[in-house]
Structures are given as C-alpha cells and as structure tokens.
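Structure file entry-v2.cif; described as mmCIF, C-alpha atoms and all ligand atoms.
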data_data
#
loop_
_atom_site.label_atom_id
_atom_site.label_comp_id
_atom_site.auth_asym_id
_atom_site.auth_seq_id
_atom_site.Cartn_x
_atom_site.Cartn_y
_atom_site.Cartn_z
CA MET Y 20 95.85 91.27 105.75
CA GLU Y 21 95.10 93.98 108.25
CA LEU Y 22 92.26 96.27 107.25
CA LEU Y 23 93.07 99.91 107.87
CA ASP Y 24 90.69 102.25 109.64
CA ARG Y 25 87.81 103.79 107.69
CA LYS Y 26 89.16 107.31 107.61
CA THR Y 27 92.54 106.22 106.20
CA CYS Y 28 90.75 104.11 103.58
CA PHE Y 29 88.51 107.01 102.63
CA ARG Y 30 91.44 109.42 102.28
CA ALA Y 31 93.14 106.86 100.00
CA LEU Y 32 89.98 106.78 97.91
CA GLN Y 33 89.70 110.58 97.72
CA SER Y 34 93.30 110.92 96.54
CA ARG Y 35 93.17 107.75 94.37
CA ASP Y 36 96.25 106.57 96.23
CA ALA Y 37 97.90 103.71 94.30
CA ARG Y 38 99.67 102.53 97.44
CA PHE Y 39 96.35 101.14 98.66
CA ASP Y 40 95.54 99.36 95.42
CA GLY Y 41 95.07 95.66 96.13
CA ARG Y 42 95.02 96.22 99.92
CA VAL Y 43 91.63 97.86 100.13
CA PHE Y 44 88.42 97.47 98.14
CA VAL Y 45 85.51 99.82 98.67
CA GLY Y 46 81.87 98.77 98.39
CA VAL Y 47 79.48 101.62 97.66
CA THR Y 48 76.11 100.98 99.33
CA SER Y 49 74.20 103.43 97.09
CA THR Y 50 75.22 101.61 93.87
CA GLY Y 51 76.01 98.04 95.01
CA ILE Y 52 79.36 98.23 93.21
CA TYR Y 53 82.84 97.68 94.62
CA CYS Y 54 85.92 99.53 93.42
CA ARG Y 55 89.66 99.84 93.72
CA PRO Y 56 90.88 102.95 95.58
CA ILE Y 57 92.19 104.29 92.26
CA CYS Y 58 88.77 104.24 90.55
CA PRO Y 59 88.36 107.20 88.16
CA SER Y 60 84.66 107.56 89.08
CA ARG Y 61 83.62 110.38 91.39
CA PRO Y 62 84.36 109.34 95.02
CA PRO Y 63 81.26 108.23 96.94
CA LYS Y 64 80.08 109.79 100.19
CA PHE Y 65 81.89 108.59 103.30
CA GLU Y 66 78.71 107.19 104.84
CA ASN Y 67 78.07 105.09 101.71
CA CYS Y 68 81.46 103.36 101.85
CA ARG Y 69 82.24 99.92 103.18
CA PHE Y 70 85.86 98.85 103.14
CA PHE Y 71 87.11 95.32 102.52
CA ALA Y 72 90.48 93.55 102.67
CA SER Y 73 89.83 91.56 99.50
CA ALA Y 74 87.66 91.52 96.41
CA ALA Y 75 86.14 88.28 97.70
CA ALA Y 76 85.02 89.97 100.93
CA ALA Y 77 83.30 92.74 98.93
CA GLN Y 78 81.64 90.20 96.65
CA GLU Y 79 80.58 88.02 99.58
CA ALA Y 80 78.91 91.11 101.08
CA GLY Y 81 76.82 91.40 97.90
CA PHE Y 82 78.73 94.00 95.87
CA ARG Y 83 79.58 93.50 92.21
CA PRO Y 84 82.87 94.49 90.54
CA CYS Y 85 83.12 97.94 88.94
CA LEU Y 86 83.34 98.02 85.16
CA ARG Y 87 85.53 101.13 85.19
CA CYS Y 88 88.37 100.42 87.64
CA ARG Y 89 88.21 96.65 87.07
CA PRO Y 90 88.99 95.00 90.44
CA GLU Y 91 90.13 91.91 88.50
CA ILE Y 92 93.36 93.63 87.51
CA ALA Y 93 94.23 95.07 90.94
CA PRO Y 94 97.61 93.79 92.20
CA ASP Y 95 96.95 90.43 93.82
CA LEU Y 96 98.57 90.88 97.21
CA ALA Y 97 96.71 88.07 98.92
CA PHE Y 98 99.12 85.51 97.52
CA TRP Y 99 102.08 87.07 99.11
CA ARG Y 100 104.07 84.76 101.34
CA GLY Y 101 103.87 87.16 104.25
CA THR Y 102 100.26 86.10 104.73
CA ALA Y 103 99.86 83.10 107.02
CA ASN Y 104 101.55 80.19 105.31
CA THR Y 105 98.43 78.02 105.39
CA VAL Y 106 96.39 80.75 103.72
CA SER Y 107 98.99 81.31 100.96
CA ARG Y 108 99.18 77.61 100.20
CA ALA Y 109 95.40 77.26 100.20
CA LEU Y 110 95.11 80.29 97.88
CA ALA Y 111 97.62 78.73 95.50
CA LEU Y 112 95.52 75.55 95.35
CA ILE Y 113 92.28 77.53 94.91
CA ALA Y 114 93.94 79.44 92.04
CA GLU Y 115 94.67 76.06 90.47
CA GLY Y 116 90.99 75.12 90.75
CA ALA Y 117 90.88 73.14 94.02
CA LEU Y 118 87.34 74.35 94.84
CA ASP Y 119 85.96 74.64 91.29
CA GLU Y 120 84.49 71.20 90.73
CA ASP Y 121 83.09 70.50 94.13
CA GLU Y 122 81.90 73.27 96.40
CA ALA Y 123 81.88 70.97 99.42
CA GLY Y 124 85.63 70.68 98.92
CA VAL Y 125 86.69 72.99 101.75
CA GLU Y 126 87.12 70.07 104.14
CA ALA Y 127 89.32 68.24 101.63
CA LEU Y 128 91.33 71.40 101.01
CA ALA Y 129 91.78 71.92 104.77
CA GLU Y 130 92.94 68.36 105.12
CA ARG Y 131 95.64 68.94 102.49
CA MET Y 132 96.80 71.90 104.61
CA GLY Y 133 96.87 69.76 107.74
CA VAL Y 134 94.18 71.81 109.49
CA GLY Y 135 90.45 71.41 110.10
CA GLY Y 136 87.80 73.04 107.91
CA ARG Y 137 86.71 75.35 110.72
CA GLN Y 138 90.33 76.48 111.28
CA LEU Y 139 90.81 77.16 107.54
CA ARG Y 140 87.61 79.25 107.42
CA ARG Y 141 88.76 81.19 110.46
CA LEU Y 142 92.18 81.93 108.89
CA PHE Y 143 90.53 83.06 105.65
CA LYS Y 144 88.17 85.32 107.56
CA GLN Y 145 91.09 86.80 109.47
CA HIS Y 146 93.38 87.45 106.47
CA LEU Y 147 90.94 88.04 103.61
CA GLY Y 148 87.64 88.80 105.30
CA ALA Y 149 85.96 86.08 103.23
CA SER Y 150 85.31 82.34 103.19
CA PRO Y 151 87.33 79.95 101.00
CA ILE Y 152 84.22 79.36 98.83
CA ALA Y 153 83.72 83.11 98.31
CA VAL Y 154 87.39 83.44 97.37
CA ALA Y 155 87.06 80.65 94.79
CA GLN Y 156 83.82 82.09 93.33
CA THR Y 157 85.27 85.59 93.15
CA ARG Y 158 88.42 84.29 91.50
CA ARG Y 159 86.34 82.58 88.78
CA VAL Y 160 84.22 85.66 88.12
CA LEU Y 161 87.17 88.05 88.08
CA PHE Y 162 89.33 85.84 85.90
CA ALA Y 163 86.47 85.39 83.42
CA LYS Y 164 85.87 89.14 83.47
CA GLN Y 165 89.53 89.80 82.68
CA LEU Y 166 89.44 87.30 79.80
CA LEU Y 167 86.28 88.96 78.43
CA HIS Y 168 87.89 92.41 78.55
CA ASP Y 169 91.40 91.56 77.43
CA THR Y 170 91.08 88.67 74.99
CA HIS Y 171 88.91 87.42 72.18
CA LEU Y 172 88.61 83.88 73.49
CA PRO Y 173 85.36 82.18 72.47
CA MET Y 174 82.77 82.15 75.32
CA ALA Y 175 83.12 78.41 75.92
CA GLU Y 176 86.86 78.81 76.38
CA VAL Y 177 86.39 81.73 78.80
CA ALA Y 178 83.98 79.63 80.87
CA MET Y 179 86.29 76.63 80.90
CA SER Y 180 89.52 78.46 81.63
CA ALA Y 181 87.93 80.39 84.51
CA GLY Y 182 86.81 77.12 86.11
CA PHE Y 183 83.05 77.23 85.44
CA GLY Y 184 81.73 73.73 84.98
CA SER Y 185 79.58 74.73 82.00
CA VAL Y 186 78.75 77.69 79.76
CA ARG Y 187 75.24 77.70 81.29
CA ARG Y 188 76.61 78.09 84.80
CA PHE Y 189 78.93 80.84 83.57
CA ASN Y 190 76.01 82.70 81.96
CA GLU Y 191 73.84 82.35 85.07
CA THR Y 192 76.59 83.65 87.36
CA PHE Y 193 77.16 86.72 85.20
CA ARG Y 194 73.43 87.42 84.84
CA ASP Y 195 73.00 87.21 88.61
CA LEU Y 196 75.92 89.51 89.27
CA PHE Y 197 75.76 92.04 86.43
CA ASP Y 198 72.15 91.74 85.22
CA ARG Y 199 73.49 90.98 81.75
CA PRO Y 200 75.10 88.10 79.90
CA PRO Y 201 78.89 87.81 79.76
CA SER Y 202 78.88 88.74 76.07
CA ALA Y 203 77.73 92.25 77.06
CA LEU Y 204 81.02 92.78 78.90
CA ARG Y 205 83.05 91.73 75.89
CA ARG Y 206 85.50 94.11 74.29
CA LYS Y 207 84.01 95.32 71.02
CA GLY Y 208 85.49 94.47 67.64
CA GLY Y 209 87.95 91.78 66.65
CA VAL Y 210 87.33 88.13 65.90
CA ASP Y 211 87.34 85.13 68.19
CA ASN Y 212 90.78 83.80 68.84
CA SER Y 213 91.31 80.39 70.45
CA ALA Y 214 93.74 80.00 73.36
CA ARG Y 215 95.80 77.74 71.10
CA ASP Y 216 96.85 80.82 69.16
CA GLY Y 217 98.01 82.60 72.29
CA VAL Y 218 96.41 84.56 75.12
CA THR Y 219 97.81 87.91 76.21
CA LEU Y 220 97.00 89.23 79.67
CA ARG Y 221 98.18 92.09 81.82
CA LEU Y 222 99.10 91.32 85.44
CA ALA Y 223 99.57 94.23 87.83
CA TYR Y 224 102.03 94.63 90.68
CA ARG Y 225 102.43 97.30 93.32
CA PRO Y 226 105.40 99.53 92.51
CA PRO Y 227 108.33 99.80 92.82
CA TYR Y 228 109.53 96.86 90.72
CA ASP Y 229 113.18 96.32 89.94
CA TRP Y 230 112.73 94.66 86.54
CA PRO Y 231 116.44 94.57 85.58
CA GLY Y 232 117.16 92.99 88.99
CA MET Y 233 114.49 90.34 88.41
CA LEU Y 234 115.75 89.53 84.91
CA ALA Y 235 119.34 89.31 86.20
CA ALA Y 236 118.25 86.89 88.95
CA LEU Y 237 116.26 84.79 86.46
CA ALA Y 238 119.14 84.79 83.93
CA ALA Y 239 121.58 83.62 86.60
CA ARG Y 240 119.58 80.46 87.25
CA ALA Y 241 118.01 79.83 83.82
CA THR Y 242 118.06 76.25 82.52
CA PRO Y 243 119.57 76.49 79.01
CA GLY Y 244 117.07 75.64 76.31
CA THR Y 245 114.08 75.94 78.67
CA GLU Y 246 114.31 79.52 79.88
CA TRP Y 247 115.86 82.46 78.08
CA ILE Y 248 115.79 86.25 77.97
CA GLU Y 249 115.71 88.17 74.72
CA ASP Y 250 115.24 91.94 74.34
CA ASP Y 251 114.18 92.30 77.99
CA VAL Y 252 111.50 89.62 77.61
CA TRP Y 253 111.57 86.39 79.63
CA HIS Y 254 110.62 83.23 77.75
CA ARG Y 255 110.01 79.75 78.98
CA SER Y 256 108.99 76.54 77.27
CA ILE Y 257 106.52 74.69 79.43
CA GLU Y 258 105.22 71.20 79.86
CA LEU Y 259 102.11 70.42 81.85
CA ASP Y 260 100.12 67.17 81.93
CA GLY Y 261 102.03 65.95 78.88
CA LYS Y 262 101.26 69.03 76.77
CA ARG Y 263 103.81 71.58 75.61
CA GLY Y 264 103.69 75.31 75.11
CA THR Y 265 105.45 78.60 75.81
CA VAL Y 266 105.06 81.67 77.98
CA ALA Y 267 106.63 85.11 77.51
CA VAL Y 268 106.67 87.93 80.06
CA ALA Y 269 107.48 91.56 79.23
CA HIS Y 270 107.50 94.67 81.42
CA LEU Y 271 104.93 97.49 81.12
CA PRO Y 272 106.42 100.00 83.58
CA ALA Y 273 104.00 102.80 82.70
CA ARG Y 274 101.09 100.59 83.78
CA ASN Y 275 102.78 98.94 86.79
CA SER Y 276 102.19 95.61 85.10
CA VAL Y 277 103.75 92.79 83.19
CA MET Y 278 102.35 91.58 79.90
CA VAL Y 279 102.05 87.84 79.69
CA THR Y 280 101.63 85.84 76.50
CA ILE Y 281 100.68 82.19 76.97
CA ARG Y 282 100.60 79.67 74.14
CA PHE Y 283 99.19 76.41 75.41
CA ALA Y 284 96.68 73.95 73.99
CA SER Y 285 94.60 73.41 77.14
CA VAL Y 286 92.56 76.45 78.26
CA LYS Y 287 91.87 74.78 81.60
CA ALA Y 288 95.54 75.25 82.45
CA LEU Y 289 95.39 79.05 82.14
CA PRO Y 290 94.81 79.77 85.88
CA VAL Y 291 97.66 77.42 86.84
CA LEU Y 292 100.01 79.10 84.38
CA VAL Y 293 99.01 82.59 85.51
CA ALA Y 294 99.53 81.59 89.16
CA ARG Y 295 103.00 80.27 88.33
CA ILE Y 296 103.95 83.46 86.51
CA ARG Y 297 102.77 85.51 89.50
CA ARG Y 298 104.97 83.34 91.68
CA VAL Y 299 108.10 83.47 89.48
CA PHE Y 300 107.88 87.26 89.14
CA ASP Y 301 106.80 87.76 92.77
CA LEU Y 302 103.97 89.98 91.54
CA GLY Y 303 102.01 89.79 94.80
CA ALA Y 304 104.81 91.16 96.99
CA ASP Y 305 103.87 93.99 99.31
CA ILE Y 306 107.20 95.62 98.57
CA ALA Y 307 106.73 98.75 100.70
CA THR Y 308 106.16 96.64 103.83
CA ILE Y 309 109.07 94.37 102.98
CA GLY Y 310 111.37 97.35 102.36
CA SER Y 311 110.51 99.02 105.65
CA HIS Y 312 110.99 95.75 107.51
CA LEU Y 313 114.42 95.08 105.96
CA ALA Y 314 115.53 98.68 106.45
CA ARG Y 315 115.39 98.16 110.22
CA ASP Y 316 118.61 96.18 109.84
CA PRO Y 317 121.49 98.72 109.63
CA ARG Y 318 123.47 96.47 107.24
CA LEU Y 319 120.51 96.05 104.88
CA ALA Y 320 119.13 99.60 105.02
CA PRO Y 321 121.60 101.10 102.50
CA LEU Y 322 121.13 98.14 100.14
CA VAL Y 323 117.34 98.46 100.26
CA ALA Y 324 117.66 102.19 99.58
CA ARG Y 325 119.91 101.49 96.58
CA ARG Y 326 117.69 98.79 95.07
CA PRO Y 327 114.08 99.59 95.98
CA GLY Y 328 111.63 97.14 94.50
CA LEU Y 329 114.02 94.22 94.40
CA ARG Y 330 112.00 91.01 94.58
CA ALA Y 331 112.77 87.38 95.28
CA PRO Y 332 112.11 85.26 92.18
CA GLY Y 333 109.95 82.19 92.79
CA ASP Y 334 110.36 78.78 91.29
CA TRP Y 335 108.34 77.71 88.25
CA GLU Y 336 107.85 74.11 89.32
CA ARG Y 337 107.53 74.29 93.07
CA ASP Y 338 105.98 76.58 95.60
CA THR Y 339 109.25 77.39 97.30
CA MET Y 340 111.64 80.28 97.14
CA VAL Y 341 114.90 79.72 95.38
CA VAL Y 342 117.05 82.12 97.32
CA GLY Y 343 118.78 80.91 100.44
CA ILE Y 344 115.91 79.20 102.23
CA ASP Y 345 116.43 75.93 104.00
CA ASP Y 346 114.41 73.92 106.47
CA ASP Y 347 116.18 75.52 109.43
CA THR Y 348 114.89 78.98 108.59
CA PRO Y 349 111.97 79.72 110.91
CA ARG Y 350 108.75 79.96 108.89
CA ALA Y 351 107.77 83.45 109.92
CA TRP Y 352 111.16 84.75 108.81
CA ARG Y 353 111.19 83.14 105.42
CA PRO Y 354 109.75 85.98 103.34
CA TRP Y 355 112.08 88.52 104.92
CA HIS Y 356 115.01 86.16 104.71
CA ALA Y 357 114.49 85.61 100.99
CA TYR Y 358 114.44 89.35 100.33
CA ALA Y 359 117.47 89.97 102.54
CA MET Y 360 119.41 87.28 100.66
CA GLN Y 361 118.34 88.78 97.35
CA HIS Y 362 119.56 92.24 98.39
CA LEU Y 363 122.88 90.87 99.62
CA ARG Y 364 123.40 88.89 96.44
CA MET Y 365 122.66 91.86 94.20
CA ALA Y 366 125.00 93.98 96.34
CA ASN Y 367 127.79 91.46 95.82
CA HIS Y 368 127.24 91.53 92.07
CA GLY Y 369 127.53 95.32 92.12
ZN ZN Y 401 85.40 101.61 90.18
#
For this file, write the structure as structure tokens.
Amino acid sequence: MELLDRKTCFRALQSRDARFDGRVFVGVTSTGIYCRPICPSRPPKFENCRFFASAAAAQEAGFRPCLRCRPEIAPDLAFWRGTANTVSRALALIAEGALDEDEAGVEALAERMGVGGRQLRRLFKQHLGASPIAVAQTRRVLFAKQLLHDTHLPMAEVAMSAGFGSVRRFNETFRDLFDRPPSALRRKGGVDNSARDGVTLRLAYRPPYDWPGMLAALAARATPGTEWIEDDVWHRSIELDGKRGTVAVAHLPARNSVMVTIRFASVKALPVLVARIRRVFDLGADIATIGSHLARDPRLAPLVARRPGLRAPGDWERDTMVVGIDDDTPRAWRPWHAYAMQHLRMANHG
C-alpha cells in the first residue's frame, strides 16, 4: 500500500475524508494515540502528525489505538488481493493465528509462502510499513478491543478468541498499551454472553458497495441447504474441525458495514470465521482504485459507471476467486480480471 504524501494525509484528516479510512492512520506525537482520518476528535497540529499505511505500523511506532474513532473497525484494506500476493496470503494465515502461538514463527510462515524470512519482512515493510510480528500483535489487540466494545463475551473468551495464549498475557498487553485492564474498555451494562449463544460484530467496508449485486452473485452459486438468502440476509451453515454452527450477514448501509452474527461452539475459530466472511463479501476491496482501473477499458467503462461498488465474491472454503479465474490468468491481472468478469456477468443478467 502506497503511503500518500503528508499534506494530502493531513487534508484528509482535516476534512474527515472517509475515502482515506483504512488507507491512512495518523499517530499524534503529543498524545501517543493513533486515529483513523475520520476521527471526531479535534484535528491535531500538522507538526504533531505521523502518517502510517497500517494500524500495525502506527502501533509498532509506539502509538496506541484511539478509543473514540476505534481503529479496529476501520475497513481492512490490507487483505485486498491487489496487494502483493505473498503478503495477502501471509495476512490470511496471520488472521487465522499463524503467528499467535510462537513468535519465532516468521521463518515457518515465510517457508509456507515459498520465500525467505528476510524477503517476507521486506514485503511487509513495503506494503504495510510494519513487520509480520507487529501485524500479528496488532491484530490480536484490535480484535480483542472490538470484542470488548461490541460483545459481552466473558474475558477468558475474549482472550482466547483474539489469540492470546492466556488471560494473564491478555491483561498485561492491555495494561502496557492502555494503562488500564481490558475490563475498563468494556461496554457498560448487560450480562456476560458466551460465544456459544452467538457473537454479533460489525465489519466495515469502503463505499460504494453494491449489496444487491453481491447477494445476486451469492444466490446464483449457493449450495442448497448450506447457503441461503432470506429477507436480504445471507445465511450459511458451517463446519470447521468437526464442529457445526451458522453465520448470518446483513447489510448496514448507513454505517458502511455489514453486521455479522456467528454461532459456533469454539471461540478460537472466531478470527478464522471473520476472515472468511471478509473474503466472501470482498470487504477489503479498494473499490475506487478498482473502478478507475477498469474504467480505462472503453467496453467496461459504461458497465462500471452503471454498477459502481460491484465486488467479486470470494469462496468460503478456499482462498481463490470464484469468477472466471484460471491458472493461465497472469497473477498481477487476477484482481482486475475477477472484477471485469463480475461486471460483464451482471451486465448480461441485465
Ligand atoms: Zn481517534
């Protein structure tokens, strides 16, 4: 991800420009806090701003996440397939906990990608401005923070589902970062509610999002009895490591988000399930960049204009795109190709 120049970033911050949300994070040197460009707090002075391409880069530089704008719910653009393929695949594995148990695991992760550890670190630095370890640590903290704000999961379940080895480690991390225990960040009121009874989370995207187009594409390929759509809500029954459950995804257009309800017995699976939902609904797509790229083709331009925000649905089981990709498609083209195919298909269906 290319970091924009400081002046552009600062203007985005002054105007709380949502187009920069997820692309830029700002660390404020006078407070030690990092924010999204849309933060409702009073904008800091230019000379106190440091700009970062990812939350992990801000956190690695010693800033802690803002409690007002909540960097944990910024659209997660880093996953998008337009990023170097190796980085996207490594991010997917990190989201599934690849670096949670063993912090010396970068070499093993690199090996799974078919590159060396040094090469993987270099790619992460280039695209995210942070090391793989910092990305994994930030992911744990931010996911735990979201669970604390948005759910009433018991503390032990928050710690486990976010990939902390123990409640003690979870407490220490939060005390180091926020000078207070995780319970202090908890939403007030309500009673504890185990993940077994369902966890509801909000996942943001960067607008526009063609929700009817996405549901139509998902309906067209749904496996009967496993996946279904009812009242504009997508449902899927899931099976993971021999356990069964369900997920449901609804649209929250006013908040540029989807609302996800997961019912599954194992809290440790939460990050995996969230990552899969992001993939199926293509939540990390940088749709403005994709649109402008596709619009360079005179045949696609009118279709893109007619269906802005059309996304390419991902597959639940595998990290591949469903639409029109085969092994002969050059790698660098694949994201664009998938979107072009999606636009052409929707055009053919009226
Ligand atoms: Zn903020």
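Distance-wise, atom CA of His254 of chain Y and atom CA of Val279 of chain Y end up 9.9 Å apart.
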Within 12 Å of ligand ZN 401 (chain Y), counting only C-alpha atoms and all ligand atoms: which residues, as a ChimeraX atom specification?
/Y:32,35,40,44-47,50-63,82-93
Just checking: using all atoms listed in the file, which residue out of Y:Phe183, Y:Phe71, Y:Tyr228, Y:Phe162 ends up closest to Pro272 of chain Y?
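Closest candidate: Y:Tyr228.
What separates atom CA of Asn275 of chain Y from atom CA of Glu246 of chain Y is a distance of 23.6 Å.
The smallest atom-to-atom distance between Ala37 of chain Y and any of Y:Pro227, Y:Arg318, Y:Ala241, Y:Ala214, using all atoms listed in the file, is found for Y:Pro227.
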Atomic distance atom CA of Asn212 of chain Y - atom CA of Glu176 of chain Y, expressed in Å with one decimal
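If I compute the distance from atom CA of Asn212 of chain Y to atom CA of Glu176 of chain Y, I get 9.9 Å.
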For Lys287 of chain Y, which residue among Y:Val323, Y:Leu234, Y:Ala181, Y:Ala223 is the nearest when counting all atoms listed in the file?
Y:Ala181
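Distances from Y:Ala269, Y:Ala109, Y:Leu204, Y:Val277 to Ile152 of chain Y were compared using all atoms listed in the file, and the smallest one belongs to Y:Ala109.
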